[in-house]
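> Below you will find the structure I want to go over with you.
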Amino acid sequence: MRSILATCLLLSSLSLAAQQFGGNPPSLKWQQINTDTVRVIFPKGLSTQGERAANIALYLNKYTRESIGNLERKVDIVLQNQTMISNGYVQLGPFRSEFYMTPSPSSLDLGSLNWVDQLAIHEYRHVLQNMNFRQGLSKVFSILGGQLGQAAATNIAVPNWFWEGDAVVMETALSPQGRGRLPEFFDGFRALALAHRNYSYMKIRNGSYVDFVPNHYPLGYLMATYGREHYGKDFWKDVTTDAVRYRGLFYPLSHSLKKRTGNNVTSFYHAMLGEYQPYWNAYAARPDITPALTLTPATKTLTNYKYIYATGENEWVVLRNSNKNVAGIYKIGQDGKEQLLVRPGIGFDDYFSYNNGHIIWAAARFDARWSWKDFSVIRVYDVATGQTSTVSAKGKYFSPDISQDGRQIVAVVVAPSSHYSLELIDAGTGQTIKQLPNKENWFYTYPKFLPNNQQIISAIRNHKGEMALARISTEDGTTELLTDWSYKVLGIPSIKGDTVYYTASYKDVNNIYAITLADKQQFEVTDRANSVLHAAAAGDSLVFSEFTDRGYKLFKSGIKLRKVEVDQLNHSSWMKPDFAEGGNILEKVPTDSLPVKKYAQLTRPFNFHSWVPSFNDPEYGIALLGENILNTTSTSIGYTYNNNEGSSDFYGRFTFSGLFPYLSIGADYNINRNGIDQSRNKVYWNEATGFVGFTVPLNFTSGLYSRGLTFGSNYNVRHRDLSNKYAGNDLQFLSNTIIFSNQRIKALQNIYTHFGQYLAAQYNRTTGGLYAEQLYVRFDQYLPGFMQNHNIVLQGAYQERDRAFNYSFSDNFVYVRGYNKPPYTSIYKLGANYSFPIAYPDWGFAQLLYFKRIRANLFYDYSKTNFTLNNTRNQYSSTGGELYLDTMIGNTLPFSCGVRVSYLFDKDPVDNAKQRVEFIIPIQQLFNY
């Protein structure tokens, strides 16, 4: 049962990962549209978007249940308009959905549909899934554990690929586009098929530190589509009903598949590949595939080369990242050597542009306190001087481009009101020159200056989600369409003379096309086996970035323009699915006017939703959790048992995060606490505590570094019932904490950051009643090791307490490994660690345990203590090694465990041990993931 509960809480925590506690400032005013089916909550000014989301949800709830079920439950949907992230999610605990209202700057990956429409179709399918998965044993977990209990049970029973694959099926079935019609969505599986790499089901589920593995979205879409095509529209409803009811206690979904198709989930996966791989291989075997030479060297490390620009004769600038290295912009010389120019750092996408010696990109910036508020600034790197400068104030910028003369910048601006525009900026002063008019509110993607600097080329999306290539005047915003509107998506344009090269999804894979500006003649430039992301023309050559099983690689071909009528190009039949769901609903959804009312931030402040267990050895407990829909309040009422003391703690806590500091209040009643008095005698007591406090979390992330500072203080009043004659009964104390973290971003295979610091300090002191005091400080320094994925971690810690021994505060000290806790009034510790990977097995068994990485850590610890009461000083030192296994449990849970062998240079005074073997099983890791 413990392992089941642990699994439950981890899966619940995964569903909470998208939340931002107290992320919006109190100045943001909220409104609502409240119906019997859905309540849509949105910032004032977004009533049009809120009404559209509500109408789509009402329509979906009424007409699209046949393939999922008829159980009902009302849901809250929150529209977040302060973030630049393009996303959305649905969760249990509490039951709600959030839409991030900024569309993706790229149309190739998520599509070009109206963003509210796409989010509403996709996310409401998740709502229907959660409604209808409350059956059988999952319903029992819901009754016993609340919403997070249901989330745990259903996430174990139904793999993540079905949740997302089924939702992508619906966005494709119920719209004129959807990811099921986007070539880039299938690039990963197509690349593996072309390279004859047939991964096991466990590997495709769990991923790899070494190889490219498609994620659960395309996997789920292909599995869901294959099941529907062969076994009917209701097939997955029946399979998931069996699964969430746990008909077949172990591997319930696989058990149902076996019963209904004769294939368990593994053989069903391979049957799916057997269906689709021939399409991909046959497409690649066509005789008219454009021949090209590979420019990038073969490497064992998965490496991507993206966004290619010509800088001279056979010289290029390109973005490169790998599983070992964070992204950098490199210059590739005529001899093929790569020179790092600059690392762009943290951004909301990885796109950059180049023109005449200037590299430009939009870098992410964040509000220090409000985590939903983020921005970008425009950064420019001068290749000649090697200098990087910020040339704009904080704004909502995407996809900047710089003019040939380096004087002007154009960027896409996305306002919180969901108004889109192109902004011209003075590259010297950073001042806005003008914002081009956009009466139709088209969404611009990847604008590029023409050489005359008087016009801009950009792909645009209209309100329905159709795309066209356009030429826009920088004088007055006048727009001329160069191509017809279409639901085929367009990518990044590249300009050479009078010709615009651009990426488009006219066929089964994205290819490069061209249009001549003088006569608007259209040409096909490449016809490749897998999708092309971006291309640059120089001389008589074209260099382009194409996806392969080893990432995006660079290829070079001659430029051959083949005249083509792009509106006559089509996808193969497998990319034109008909799921018999009624087709495109977006023109059918009513445009009913729905009443808009105020929504108070503190609506339902407690909103209890779940019982959750906790395992943080030596403490074990259970808590009733609650939070409001806007995520500005958090409540917990619970019980904790301390195995070391044998004590029990009953508590209640409430935090409000809607103001600049978090404000907290709470109370505890602790039974059977115990400790040691001045005479080294053991004493027992009960205690009651009340506290009020504040915490301020600050975010200073920018560039290559994620930085955070959190500080706060609690005032505690504690009453103790003691039988010991040397101690009093009551005390009041302040607990002050500060934590600072500075971490350089890291690549996938890097175990730790290559440079970073972590500082934590806590000072506790009584202000009345008994005297007690404690100071604790810890500092960790992260450094690179001798190889790319190696790390050195240096640690120092100090703790000192009072000599009265009237009261013992919580002990967070990290003691020398291998020793029992020594007596002290002051202690310091120094430690050194060297961590490195050993192997990447990519192997598992029985769908239970999958091994992704084996790594080791060598350590040396030294500590000295001072125990003033008997005037003793002791030193402790140890060395040894730790072996860790980074695994996935049940194809779902990331989990690391290991074993430690310690050699003690100084005998342990408790048991005289000279060496010790310990198993490292951090159960609480499951809940902090």
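If you're wondering about the labels, chains in the structure tokens are A, B, ... by order shown, residues count from 1 in each chain, ligands from 1 in order shown.
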So that I can see what lies close to range 799-801 of chain A, please list as a ChimeraX atom specification the residues with an atom at most 6 Å from it, counting only C-alpha atoms and leaving out residues fewer than 3 positions away in the same chain.
/A:773-776,825-827
> Any chance you could export the current selection's C-alpha atoms as a PDB file, in the first residue's frame?

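Output file again34.pdb follows:
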```
ATOM      1  CA  GLU A 773      18.935  29.889  19.779  1.00  0.00           C
ATOM      2  CA  GLN A 774      20.214  28.182  16.629  1.00  0.00           C
ATOM      3  CA  LEU A 775      22.081  29.303  13.495  1.00  0.00           C
ATOM      4  CA  TYR A 776      22.359  27.136  10.386  1.00  0.00           C
ATOM      5  CA  THR A 825      26.931  22.871  20.466  1.00  0.00           C
ATOM      6  CA  SER A 826      28.659  23.922  17.264  1.00  0.00           C
ATOM      7  CA  ILE A 827      29.633  21.973  14.147  1.00  0.00           C
TER       8      ILE A 827
END
```
> Excluding Ile332 in chain A and any residue of its chain fewer than 5 positions from it, enumerate the residues within 8 Å of it, using only C-alpha atoms, and give them as a PyMOL selection string.
chain A and resi 315-318+337-339
> Got a sec: who's within 8 Å of Leu194 in chain A, counting only C-alpha atoms, leaving out chain neighbours fewer than 5 positions off, as a list in words?
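Counting only C-alpha atoms, the residues come to Trp280, Asn281 and Ala284 of chain A.
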> Output N, CA and C atoms for every residue in the selection just made, as a JSON list (two decimals), in the first residue's frame.

```
[["chain", "number", "residue", "atom", "x", "y", "z"],
["A", 280, "TRP", "N", 5.78, 5.92, -44.70],
["A", 280, "TRP", "CA", 6.92, 6.82, -44.60],
["A", 280, "TRP", "C", 8.08, 6.34, -45.47],
["A", 281, "ASN", "N", 8.33, 5.04, -45.47],
["A", 281, "ASN", "CA", 9.44, 4.51, -46.26],
["A", 281, "ASN", "C", 9.16, 4.64, -47.76],
["A", 284, "ALA", "N", 9.76, 8.18, -48.89],
["A", 284, "ALA", "CA", 11.19, 8.50, -48.98],
["A", 284, "ALA", "C", 11.86, 7.81, -50.16]]
```
> Output as a PyMOL selection string all residues of range 869-920 of chain A that backbone DSSP marks as strand (DSSP E or B).
chain A and resi 872-889+893-904+915-920
> Which residues, written as a PyMOL selection string, have at least one atom at most 12 Å from Thr474 in chain A, with only C-alpha atoms counted and residues fewer than 6 positions away on the same chain left out?
chain A and resi 403+408-410+422-425+433-437+447-450+452-457
> Excluding range 657-661 of chain A and any residue of its chain fewer than 3 positions from it, enumerate the residues within 9 Å of it, using only C-alpha atoms, and give them as a VMD selection string.
chain A and resid 21 to 26 369 to 370 601 to 602 631 to 634 664 694 to 697 712
> Ala839 in chain A: which residues within 9 Å, counting only C-alpha atoms, same-chain residues fewer than 4 positions away excluded, as a list in words?
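Counting only C-alpha atoms, the residues come to Lys852, Arg853, Ile854 and Arg855 of chain A.
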> Per residue of range 152-248 of chain A within 12 Å of range 459-465 of chain A, note the shortest atom pair and the distance in Å to one decimal, counting only C-alpha atoms, and order the rows by chain and increasing residue number, as a Markdown table.

```
| residue | atom | partner | partner_atom | distance |
| --- | --- | --- | --- | --- |
| A:Ser175 | CA | A:Gly465 | CA | 10.1 |
| A:Pro176 | CA | A:Gly465 | CA | 8.9 |
| A:Gln177 | CA | A:Gly465 | CA | 8.6 |
| A:Gly178 | CA | A:Gly465 | CA | 10.5 |
```
> Keeping C-alpha atoms for every residue in the selection just given, could you write it to a file as a PDB file, in the first residue's frame?

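Contents of selection07.pdb, as written:
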```pdb
ATOM      1  CA  SER A 175     -11.123  21.316 -36.803  1.00  0.00           C
ATOM      2  CA  PRO A 176      -9.832  21.931 -40.327  1.00  0.00           C
ATOM      3  CA  GLN A 177      -6.258  21.369 -39.168  1.00  0.00           C
ATOM      4  CA  GLY A 178      -4.954  19.893 -35.877  1.00  0.00           C
TER       5      GLY A 178
END
```
